Every structure is written in C-alpha cells, then in structure tokens.
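*Asks:* For reference, the file target_33.pdb (PDB, C-alpha atoms and all ligand atoms) is included below:
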ATOM      1  CA  MET F   7     -53.537 -40.988  19.786  1.00  0.00           C
ATOM      2  CA  ASN F   8     -49.840 -41.239  19.143  1.00  0.00           C
ATOM      3  CA  LEU F   9     -47.713 -39.686  16.487  1.00  0.00           C
ATOM      4  CA  SER F  10     -44.252 -40.807  15.482  1.00  0.00           C
ATOM      5  CA  VAL F  11     -41.870 -38.194  14.051  1.00  0.00           C
ATOM      6  CA  GLN F  12     -38.599 -39.402  12.572  1.00  0.00           C
ATOM      7  CA  THR F  13     -36.255 -36.776  11.125  1.00  0.00           C
ATOM      8  CA  PHE F  14     -32.821 -37.575   9.699  1.00  0.00           C
ATOM      9  CA  PRO F  15     -30.416 -35.874   7.267  1.00  0.00           C
ATOM     10  CA  VAL F  16     -30.121 -37.410   3.799  1.00  0.00           C
ATOM     11  CA  ALA F  17     -27.496 -37.099   1.040  1.00  0.00           C
ATOM     12  CA  PRO F  18     -26.201 -35.177  -0.820  1.00  0.00           C
ATOM     13  CA  LEU F  19     -26.603 -31.898   1.117  1.00  0.00           C
ATOM     14  CA  GLY F  20     -27.928 -33.164   4.458  1.00  0.00           C
ATOM     15  CA  CYS F  21     -31.551 -32.215   3.848  1.00  0.00           C
ATOM     16  CA  ASN F  22     -33.725 -33.145   6.837  1.00  0.00           C
ATOM     17  CA  CYS F  23     -36.163 -35.822   5.647  1.00  0.00           C
ATOM     18  CA  THR F  24     -39.083 -36.639   7.960  1.00  0.00           C
ATOM     19  CA  ILE F  25     -41.443 -39.590   8.243  1.00  0.00           C
ATOM     20  CA  LEU F  26     -44.616 -38.668  10.135  1.00  0.00           C
ATOM     21  CA  ARG F  27     -46.661 -41.689  11.164  1.00  0.00           C
ATOM     22  CA  CYS F  28     -49.991 -42.095  12.912  1.00  0.00           C
ATOM     23  CA  ALA F  29     -49.113 -44.843  15.397  1.00  0.00           C
ATOM     24  CA  SER F  30     -52.623 -46.330  15.474  1.00  0.00           C
ATOM     25  CA  THR F  31     -53.209 -46.646  11.709  1.00  0.00           C
ATOM     26  CA  GLN F  32     -49.587 -46.639  10.403  1.00  0.00           C
ATOM     27  CA  GLU F  33     -50.640 -44.058   7.825  1.00  0.00           C
ATOM     28  CA  ALA F  34     -47.668 -41.859   7.061  1.00  0.00           C
ATOM     29  CA  ILE F  35     -46.387 -38.788   5.252  1.00  0.00           C
ATOM     30  CA  VAL F  36     -42.872 -38.522   3.850  1.00  0.00           C
ATOM     31  CA  ILE F  37     -41.525 -34.954   3.800  1.00  0.00           C
ATOM     32  CA  ASP F  38     -38.584 -34.092   1.519  1.00  0.00           C
ATOM     33  CA  PRO F  39     -37.137 -37.443   0.381  1.00  0.00           C
ATOM     34  CA  GLY F  40     -33.964 -35.675  -0.774  1.00  0.00           C
ATOM     35  CA  GLY F  41     -31.782 -38.777  -1.140  1.00  0.00           C
ATOM     36  CA  ASP F  42     -30.775 -42.023   0.585  1.00  0.00           C
ATOM     37  CA  ALA F  43     -33.977 -43.615  -0.691  1.00  0.00           C
ATOM     38  CA  GLU F  44     -32.954 -47.039   0.651  1.00  0.00           C
ATOM     39  CA  ARG F  45     -32.751 -45.693   4.181  1.00  0.00           C
ATOM     40  CA  ILE F  46     -36.177 -44.082   3.841  1.00  0.00           C
ATOM     41  CA  THR F  47     -37.808 -47.215   2.430  1.00  0.00           C
ATOM     42  CA  ARG F  48     -36.161 -49.374   5.093  1.00  0.00           C
ATOM     43  CA  LEU F  49     -37.725 -47.240   7.822  1.00  0.00           C
ATOM     44  CA  LEU F  50     -41.113 -47.323   6.052  1.00  0.00           C
ATOM     45  CA  GLU F  51     -40.899 -51.108   5.856  1.00  0.00           C
ATOM     46  CA  GLN F  52     -39.797 -51.480   9.477  1.00  0.00           C
ATOM     47  CA  ASP F  53     -42.914 -49.669  10.745  1.00  0.00           C
ATOM     48  CA  SER F  54     -45.287 -51.203   8.157  1.00  0.00           C
ATOM     49  CA  CYS F  55     -46.108 -47.662   7.029  1.00  0.00           C
ATOM     50  CA  ARG F  56     -48.995 -47.007   4.697  1.00  0.00           C
ATOM     51  CA  VAL F  57     -47.769 -43.868   2.979  1.00  0.00           C
ATOM     52  CA  ARG F  58     -50.570 -41.412   2.132  1.00  0.00           C
ATOM     53  CA  TRP F  59     -48.469 -38.510   0.827  1.00  0.00           C
ATOM     54  CA  ILE F  60     -44.977 -37.782  -0.455  1.00  0.00           C
ATOM     55  CA  ILE F  61     -44.570 -34.024  -0.082  1.00  0.00           C
ATOM     56  CA  HIS F  62     -41.896 -31.434  -0.782  1.00  0.00           C
ATOM     57  CA  THR F  63     -41.247 -28.120   0.953  1.00  0.00           C
ATOM     58  CA  HIS F  64     -39.808 -26.938  -2.381  1.00  0.00           C
ATOM     59  CA  ALA F  65     -38.183 -28.313  -5.516  1.00  0.00           C
ATOM     60  CA  HIS F  66     -34.468 -27.851  -4.901  1.00  0.00           C
ATOM     61  CA  PHE F  67     -32.806 -31.097  -5.924  1.00  0.00           C
ATOM     62  CA  ASP F  68     -31.564 -31.903  -2.423  1.00  0.00           C
ATOM     63  CA  HIS F  69     -35.195 -32.175  -1.282  1.00  0.00           C
ATOM     64  CA  CYS F  70     -36.474 -34.453  -4.054  1.00  0.00           C
ATOM     65  CA  LEU F  71     -33.712 -36.692  -5.421  1.00  0.00           C
ATOM     66  CA  GLY F  72     -35.186 -39.719  -3.605  1.00  0.00           C
ATOM     67  CA  THR F  73     -38.796 -39.100  -4.643  1.00  0.00           C
ATOM     68  CA  ALA F  74     -38.892 -41.528  -7.583  1.00  0.00           C
ATOM     69  CA  ARG F  75     -37.458 -44.473  -5.630  1.00  0.00           C
ATOM     70  CA  VAL F  76     -39.611 -43.901  -2.556  1.00  0.00           C
ATOM     71  CA  SER F  77     -42.721 -43.500  -4.703  1.00  0.00           C
ATOM     72  CA  GLU F  78     -41.974 -46.696  -6.607  1.00  0.00           C
ATOM     73  CA  PHE F  79     -41.515 -48.582  -3.324  1.00  0.00           C
ATOM     74  CA  VAL F  80     -44.832 -47.288  -1.965  1.00  0.00           C
ATOM     75  CA  GLU F  81     -46.885 -47.925  -5.104  1.00  0.00           C
ATOM     76  CA  ASN F  82     -45.487 -51.392  -5.808  1.00  0.00           C
ATOM     77  CA  HIS F  83     -45.363 -52.710  -2.256  1.00  0.00           C
ATOM     78  CA  PRO F  84     -46.310 -56.430  -2.357  1.00  0.00           C
ATOM     79  CA  GLU F  85     -48.622 -56.273   0.712  1.00  0.00           C
ATOM     80  CA  ARG F  86     -49.553 -52.605   1.098  1.00  0.00           C
ATOM     81  CA  PRO F  87     -49.547 -50.870  -2.286  1.00  0.00           C
ATOM     82  CA  MET F  88     -50.624 -47.243  -1.831  1.00  0.00           C
ATOM     83  CA  GLN F  89     -51.341 -44.422  -4.243  1.00  0.00           C
ATOM     84  CA  ALA F  90     -49.460 -41.651  -2.470  1.00  0.00           C
ATOM     85  CA  PRO F  91     -49.623 -38.356  -4.355  1.00  0.00           C
ATOM     86  CA  ARG F  92     -46.251 -36.750  -5.056  1.00  0.00           C
ATOM     87  CA  ALA F  93     -47.016 -33.200  -4.022  1.00  0.00           C
ATOM     88  CA  LEU F  94     -45.377 -29.818  -4.605  1.00  0.00           C
ATOM     89  CA  HIS F  95     -46.577 -26.227  -4.940  1.00  0.00           C
ATOM     90  CA  ARG F  96     -47.203 -25.409  -8.605  1.00  0.00           C
ATOM     91  CA  ASP F  97     -44.918 -22.356  -8.501  1.00  0.00           C
ATOM     92  CA  ASP F  98     -41.907 -24.651  -8.015  1.00  0.00           C
ATOM     93  CA  LEU F  99     -42.650 -26.900 -10.974  1.00  0.00           C
ATOM     94  CA  PHE F 100     -40.137 -25.048 -13.152  1.00  0.00           C
ATOM     95  CA  LEU F 101     -37.414 -26.028 -10.669  1.00  0.00           C
ATOM     96  CA  TYR F 102     -38.580 -29.640 -10.488  1.00  0.00           C
ATOM     97  CA  ASP F 103     -38.435 -29.773 -14.288  1.00  0.00           C
ATOM     98  CA  MET F 104     -34.769 -28.730 -14.216  1.00  0.00           C
ATOM     99  CA  LEU F 105     -33.405 -31.089 -11.553  1.00  0.00           C
ATOM    100  CA  ASP F 106     -30.503 -32.078 -13.810  1.00  0.00           C
ATOM    101  CA  THR F 107     -29.479 -28.419 -14.259  1.00  0.00           C
ATOM    102  CA  GLN F 108     -29.748 -27.850 -10.511  1.00  0.00           C
ATOM    103  CA  CYS F 109     -27.382 -30.789  -9.875  1.00  0.00           C
ATOM    104  CA  ARG F 110     -24.885 -29.177 -12.276  1.00  0.00           C
ATOM    105  CA  TRP F 111     -24.976 -25.893 -10.305  1.00  0.00           C
ATOM    106  CA  PHE F 112     -23.607 -27.858  -7.349  1.00  0.00           C
ATOM    107  CA  GLY F 113     -21.109 -29.920  -9.367  1.00  0.00           C
ATOM    108  CA  LEU F 114     -23.088 -33.146  -8.943  1.00  0.00           C
ATOM    109  CA  PRO F 115     -23.867 -35.701 -11.663  1.00  0.00           C
ATOM    110  CA  PRO F 116     -27.018 -34.473 -13.466  1.00  0.00           C
ATOM    111  CA  THR F 117     -30.080 -36.489 -12.447  1.00  0.00           C
ATOM    112  CA  PRO F 118     -33.320 -35.663 -14.262  1.00  0.00           C
ATOM    113  CA  ALA F 119     -36.695 -36.065 -12.537  1.00  0.00           C
ATOM    114  CA  GLU F 120     -37.829 -39.654 -13.067  1.00  0.00           C
ATOM    115  CA  VAL F 121     -41.415 -39.234 -11.898  1.00  0.00           C
ATOM    116  CA  SER F 122     -43.986 -36.499 -12.292  1.00  0.00           C
ATOM    117  CA  ILE F 123     -45.600 -34.359  -9.627  1.00  0.00           C
ATOM    118  CA  ASN F 124     -49.262 -35.382  -9.522  1.00  0.00           C
ATOM    119  CA  HIS F 125     -50.656 -33.130  -6.787  1.00  0.00           C
ATOM    120  CA  PHE F 126     -50.232 -29.365  -6.449  1.00  0.00           C
ATOM    121  CA  LEU F 127     -50.178 -28.114  -2.862  1.00  0.00           C
ATOM    122  CA  ARG F 128     -52.361 -25.116  -2.069  1.00  0.00           C
ATOM    123  CA  ASP F 129     -52.030 -22.626   0.785  1.00  0.00           C
ATOM    124  CA  GLU F 130     -54.073 -23.774   3.816  1.00  0.00           C
ATOM    125  CA  GLU F 131     -54.793 -27.175   2.311  1.00  0.00           C
ATOM    126  CA  THR F 132     -54.842 -29.970   4.894  1.00  0.00           C
ATOM    127  CA  LEU F 133     -53.258 -33.336   4.215  1.00  0.00           C
ATOM    128  CA  PRO F 134     -54.884 -36.165   6.183  1.00  0.00           C
ATOM    129  CA  PHE F 135     -52.966 -39.211   7.444  1.00  0.00           C
ATOM    130  CA  GLY F 136     -54.543 -41.548   9.988  1.00  0.00           C
ATOM    131  CA  HIS F 137     -56.000 -39.469  12.831  1.00  0.00           C
ATOM    132  CA  TRP F 138     -53.886 -36.442  11.912  1.00  0.00           C
ATOM    133  CA  HIS F 139     -53.859 -33.518   9.511  1.00  0.00           C
ATOM    134  CA  LEU F 140     -50.871 -31.591   8.249  1.00  0.00           C
ATOM    135  CA  GLN F 141     -51.515 -28.008   7.136  1.00  0.00           C
ATOM    136  CA  VAL F 142     -49.838 -26.386   4.142  1.00  0.00           C
ATOM    137  CA  ILE F 143     -48.539 -22.824   4.568  1.00  0.00           C
ATOM    138  CA  HIS F 144     -47.310 -21.218   1.333  1.00  0.00           C
ATOM    139  CA  THR F 145     -44.191 -19.194   2.203  1.00  0.00           C
ATOM    140  CA  PRO F 146     -42.618 -17.902  -1.039  1.00  0.00           C
ATOM    141  CA  GLY F 147     -39.160 -16.332  -0.995  1.00  0.00           C
ATOM    142  CA  HIS F 148     -36.491 -19.043  -0.948  1.00  0.00           C
ATOM    143  CA  THR F 149     -38.310 -20.310  -4.046  1.00  0.00           C
ATOM    144  CA  PRO F 150     -41.679 -19.134  -5.427  1.00  0.00           C
ATOM    145  CA  GLY F 151     -43.419 -22.354  -4.382  1.00  0.00           C
ATOM    146  CA  SER F 152     -41.776 -22.862  -0.979  1.00  0.00           C
ATOM    147  CA  CYS F 153     -44.201 -24.258   1.592  1.00  0.00           C
ATOM    148  CA  CYS F 154     -44.017 -25.010   5.295  1.00  0.00           C
ATOM    149  CA  PHE F 155     -46.028 -27.814   6.893  1.00  0.00           C
ATOM    150  CA  TYR F 156     -47.714 -27.372  10.255  1.00  0.00           C
ATOM    151  CA  LEU F 157     -49.164 -29.901  12.666  1.00  0.00           C
ATOM    152  CA  PRO F 158     -51.503 -27.839  14.890  1.00  0.00           C
ATOM    153  CA  GLU F 159     -52.146 -30.462  17.603  1.00  0.00           C
ATOM    154  CA  ASN F 160     -48.431 -30.760  18.342  1.00  0.00           C
ATOM    155  CA  GLU F 161     -47.426 -27.192  17.448  1.00  0.00           C
ATOM    156  CA  LEU F 162     -44.809 -28.622  15.140  1.00  0.00           C
ATOM    157  CA  LEU F 163     -43.576 -26.833  12.013  1.00  0.00           C
ATOM    158  CA  PHE F 164     -41.532 -28.150   9.112  1.00  0.00           C
ATOM    159  CA  SER F 165     -40.004 -25.000   7.693  1.00  0.00           C
ATOM    160  CA  GLY F 166     -38.053 -26.283   4.675  1.00  0.00           C
ATOM    161  CA  ASP F 167     -35.354 -23.853   3.559  1.00  0.00           C
ATOM    162  CA  THR F 168     -37.468 -20.829   4.568  1.00  0.00           C
ATOM    163  CA  LEU F 169     -36.477 -20.594   8.253  1.00  0.00           C
ATOM    164  CA  PHE F 170     -33.386 -22.120   9.895  1.00  0.00           C
ATOM    165  CA  ALA F 171     -32.061 -21.987  13.444  1.00  0.00           C
ATOM    166  CA  GLY F 172     -30.376 -18.584  13.386  1.00  0.00           C
ATOM    167  CA  GLY F 173     -30.836 -18.080   9.648  1.00  0.00           C
ATOM    168  CA  ILE F 174     -33.085 -17.957   6.615  1.00  0.00           C
ATOM    169  CA  GLY F 175     -32.934 -19.615   3.200  1.00  0.00           C
ATOM    170  CA  ARG F 176     -30.736 -18.207   0.456  1.00  0.00           C
ATOM    171  CA  THR F 177     -32.517 -16.155  -2.195  1.00  0.00           C
ATOM    172  CA  ASP F 178     -29.805 -15.900  -4.860  1.00  0.00           C
ATOM    173  CA  LEU F 179     -30.965 -18.923  -6.880  1.00  0.00           C
ATOM    174  CA  PRO F 180     -33.569 -18.609  -9.697  1.00  0.00           C
ATOM    175  CA  GLY F 181     -36.958 -17.557  -8.336  1.00  0.00           C
ATOM    176  CA  GLY F 182     -35.560 -16.406  -4.974  1.00  0.00           C
ATOM    177  CA  ASP F 183     -36.855 -13.131  -3.479  1.00  0.00           C
ATOM    178  CA  SER F 184     -35.176 -11.628  -0.409  1.00  0.00           C
ATOM    179  CA  GLY F 185     -38.083  -9.288   0.426  1.00  0.00           C
ATOM    180  CA  LEU F 186     -40.677 -11.988   0.084  1.00  0.00           C
ATOM    181  CA  ILE F 187     -38.938 -14.524   2.343  1.00  0.00           C
ATOM    182  CA  LEU F 188     -38.834 -12.015   5.239  1.00  0.00           C
ATOM    183  CA  GLN F 189     -42.488 -11.172   4.650  1.00  0.00           C
ATOM    184  CA  SER F 190     -43.464 -14.873   4.572  1.00  0.00           C
ATOM    185  CA  ILE F 191     -41.652 -15.566   7.839  1.00  0.00           C
ATOM    186  CA  ARG F 192     -43.020 -12.482   9.614  1.00  0.00           C
ATOM    187  CA  ASN F 193     -46.614 -12.902   8.437  1.00  0.00           C
ATOM    188  CA  ARG F 194     -47.028 -16.668   8.323  1.00  0.00           C
ATOM    189  CA  LEU F 195     -44.503 -18.235  10.723  1.00  0.00           C
ATOM    190  CA  PHE F 196     -43.889 -15.670  13.468  1.00  0.00           C
ATOM    191  CA  THR F 197     -47.664 -15.503  13.920  1.00  0.00           C
ATOM    192  CA  LEU F 198     -47.678 -19.126  15.130  1.00  0.00           C
ATOM    193  CA  ASP F 199     -47.511 -19.828  18.848  1.00  0.00           C
ATOM    194  CA  ASP F 200     -44.139 -18.914  20.413  1.00  0.00           C
ATOM    195  CA  GLY F 201     -43.663 -22.458  21.665  1.00  0.00           C
ATOM    196  CA  THR F 202     -43.986 -24.007  18.187  1.00  0.00           C
ATOM    197  CA  ALA F 203     -41.140 -26.444  17.529  1.00  0.00           C
ATOM    198  CA  VAL F 204     -39.432 -25.924  14.174  1.00  0.00           C
ATOM    199  CA  VAL F 205     -37.805 -28.653  12.082  1.00  0.00           C
ATOM    200  CA  PRO F 206     -35.887 -26.805   9.338  1.00  0.00           C
ATOM    201  CA  GLY F 207     -34.839 -28.229   5.968  1.00  0.00           C
ATOM    202  CA  HIS F 208     -31.241 -28.385   7.188  1.00  0.00           C
ATOM    203  CA  GLY F 209     -29.470 -28.319  10.533  1.00  0.00           C
ATOM    204  CA  ASP F 210     -30.689 -27.987  14.100  1.00  0.00           C
ATOM    205  CA  PHE F 211     -34.253 -27.821  15.376  1.00  0.00           C
ATOM    206  CA  THR F 212     -35.440 -24.587  16.979  1.00  0.00           C
ATOM    207  CA  ARG F 213     -38.564 -22.788  18.261  1.00  0.00           C
ATOM    208  CA  ILE F 214     -40.519 -19.826  16.923  1.00  0.00           C
ATOM    209  CA  TYR F 215     -39.807 -17.772  20.059  1.00  0.00           C
ATOM    210  CA  GLU F 216     -36.080 -18.444  19.731  1.00  0.00           C
ATOM    211  CA  GLU F 217     -36.037 -17.196  16.127  1.00  0.00           C
ATOM    212  CA  LYS F 218     -38.241 -14.166  16.814  1.00  0.00           C
ATOM    213  CA  THR F 219     -35.878 -13.018  19.554  1.00  0.00           C
ATOM    214  CA  THR F 220     -32.412 -14.080  18.347  1.00  0.00           C
ATOM    215  CA  ASN F 221     -32.457 -14.605  14.564  1.00  0.00           C
ATOM    216  CA  PRO F 222     -30.135 -11.892  13.147  1.00  0.00           C
ATOM    217  CA  PHE F 223     -32.348 -11.423  10.063  1.00  0.00           C
ATOM    218  CA  PHE F 224     -35.151  -9.905  12.160  1.00  0.00           C
TER     219      PHE F 224
HETATM  220 ZN    ZN A 301     -33.599 -25.017  -1.043  1.00  0.00          ZN
HETATM  221 ZN    ZN A 302     -32.087 -27.445   0.944  1.00  0.00          ZN
END
Could you render the structure from this file as structure tokens?

*Replies:*
Amino acid sequence: MNLSVQTFPVAPLGCNCTILRCASTQEAIVIDPGGDAERITRLLEQDSCRVRWIIHTHAHFDHCLGTARVSEFVENHPERPMQAPRALHRDDLFLYDMLDTQCRWFGLPPTPAEVSINHFLRDEETLPFGHWHLQVIHTPGHTPGSCCFYLPENELLFSGDTLFAGGIGRTDLPGGDSGLILQSIRNRLFTLDDGTAVVPGHGDFTRIYEEKTTNPFF
C-alpha cells in the first residue's frame, strides 16, 4: 500500500497545499488549496487523481482562495467527475463568509467566496480516500474552527496555522484565542507520538519531539 504526499507553497502567502493520494486507487485529498489553482489541477490531472475531499485546516483566505477552481475542475472532469465535499469546521464559517474582507486586511484585491462549504468537519471524524483514512483533530485557537489532519499509519500531521516549526499561529485576528491555541497544542498535538512528522500551514516541516523540546512558546 503506497501513499503519495505532495506539499508545495501556493500564492499569495505561501500556504503549504498538499495532495495526498492512495497510489493503488488514485483516490486523493486536497488540503488547503490556498491559490495557484492551475498548478494544483495540473498535478491532479498528471496523476489521474480521483479527488474524494477538498479540506481546509481553517478559513483564512490564503488557505482557500483556490477552492472554487479546484472544485470546479474535480466536479466537471470529462473522464473522472467526482463529488468531492468542500469541507471546513463549522466554527470557521464566519471567516469563510468574509473572504473579501480578509483579502482587504492584507491589501489584496477582494475576492468573495465563489462556492459554498458543503461538509462540516467534526473532531475525530475520519475521511476515507482509497486504502487510507485521515483523522480530523479540532484545535481551536488560531481560529475557532482550526483543525489539524492526522494520518495514523504514517504518523504524519498537517498542522495548519496552529503549530509551525519553532512557532505557533497568530491569535490577533478575529476569533483568535492565545490561551486556547496553547491548550490545543499541548492536549491534542503534543500527545501524539514524538516521531510524528509535522507539515505546517507555512514554512518548514518539523517533528512533534522537536517542537516539544525547542519551541519557545512551550
Ligand atoms: Zn491562518
Ligand atoms: Zn496561513
């Protein structure tokens, strides 16, 4: 059983987008299509992916500006049309509904959400793709609906903007909570195996042990 993991930064703020693909069925999950939709769809096409889920760690605009285009590509594919739910935790819906305002905060042209969220992620829900399952871990703090995604077989964690290599997500934007983010990381992420590999929402990859022992916030 093989798994392909492709992570690459996408515009405009270098959010790490990931395509997870079961190499025997080509079923795939797209995590945080924050921009550069053409690049994402090109990779999906190249590997004949059958996308099962389009999921978001949270609803900051830099993690979902490519959602509409990727979703359209998946649903209208001439040979492999798929109904891939566009998923987000319900507590971040207020942010998703104000994508244009969020763009303005960062001095970018306002882009409203062009598609709706049609699946609400729940804590400990598992998202199947091919022979694999991705687990949802609700980790509020950076935003109320922030989630991390965990692949138990590979001890691989996608931590969104909750945990970074040597840092944590900012909590000064609407809905942020500096006490809650520390609690989420301590109780839900630092309890994972020390060897767990971490793919954050921005920047370098790390490991749980590394962050437990050297992250200045702990
Ligand atoms: Zn964020
Ligand atoms: Zn971000």

*Asks:* Counting all atoms listed in the file, which protein, DNA or RNA residues come within 10 Å of ligand ZN 301 (chain A), given as a list of chain:residue names?

*Replies:*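 Protein and nucleic-acid residues within 10 Å of ligand ZN 301 (chain A): F:Cys21, F:Thr63, F:His64, F:Ala65, F:His66, F:Phe67, F:Asp68, F:His69, F:His148, F:Thr149, F:Ser152, F:Gly166, F:Asp167, F:Thr168, F:Gly175, F:Arg176, F:Thr177, F:Leu179, F:Gly182, F:Gly207, F:His208.
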
*Asks:* Tell me which protein, DNA and RNA residues are within 6 Å of region 74-78 of chain F, counting all atoms listed in the file, leaving out same-chain ones fewer than 6 positions away, and put them as a list in words.

*Replies:* Ala43, Glu120 and Val121 of chain F

*Asks:* Starting from the shown file, work through the PyMOL selection byres (((chain F and resi 195) around 9) and not hetatm) and note down what comes out as a list in words.

*Replies:*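 Matching residues under the PyMOL selection byres (((chain F and resi 195) around 9) and not hetatm) are Ile143, Thr145, Cys154, Leu163, Ser165, Leu169, Ser190, Ile191, Arg192, Asn193, Arg194, Phe196, Thr197, Leu198, Asp199 and Ile214 of chain F.
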
*Asks:* So that I can see what lies close to Asp42 (chain F), please list as a count of residues only the residues with an atom at most 7 Å from it, counting all atoms listed in the file and leaving out residues fewer than 3 positions away in the same chain.

*Replies:* 5

*Asks:* Evaluate the PyMOL selection byres (((chain F and resi 59) around 7) and not hetatm) here and jot the selected residues down as a ChimeraX atom specification.

*Replies:* /F:35-36,57-58,60-61,90-92

*Asks:* Please enumerate the residues selected by the PyMOL selection byres (((chain F and resi 101) around 10) and not hetatm) when evaluated against the supplied file, formatted as a tab-separated table (two decimals) with C-alpha atoms, in the frame of the given file.

*Replies:*
chain	number	residue	atom	x	y	z
F	64	HIS	CA	-39.81	-26.94	-2.38
F	65	ALA	CA	-38.18	-28.31	-5.52
F	66	HIS	CA	-34.47	-27.85	-4.90
F	67	PHE	CA	-32.81	-31.10	-5.92
F	97	ASP	CA	-44.92	-22.36	-8.50
F	98	ASP	CA	-41.91	-24.65	-8.02
F	99	LEU	CA	-42.65	-26.90	-10.97
F	100	PHE	CA	-40.14	-25.05	-13.15
F	102	TYR	CA	-38.58	-29.64	-10.49
F	103	ASP	CA	-38.44	-29.77	-14.29
F	104	MET	CA	-34.77	-28.73	-14.22
F	105	LEU	CA	-33.40	-31.09	-11.55
F	106	ASP	CA	-30.50	-32.08	-13.81
F	107	THR	CA	-29.48	-28.42	-14.26
F	108	GLN	CA	-29.75	-27.85	-10.51
F	149	THR	CA	-38.31	-20.31	-4.05
F	150	PRO	CA	-41.68	-19.13	-5.43
F	151	GLY	CA	-43.42	-22.35	-4.38
F	180	PRO	CA	-33.57	-18.61	-9.70
F	181	GLY	CA	-36.96	-17.56	-8.34
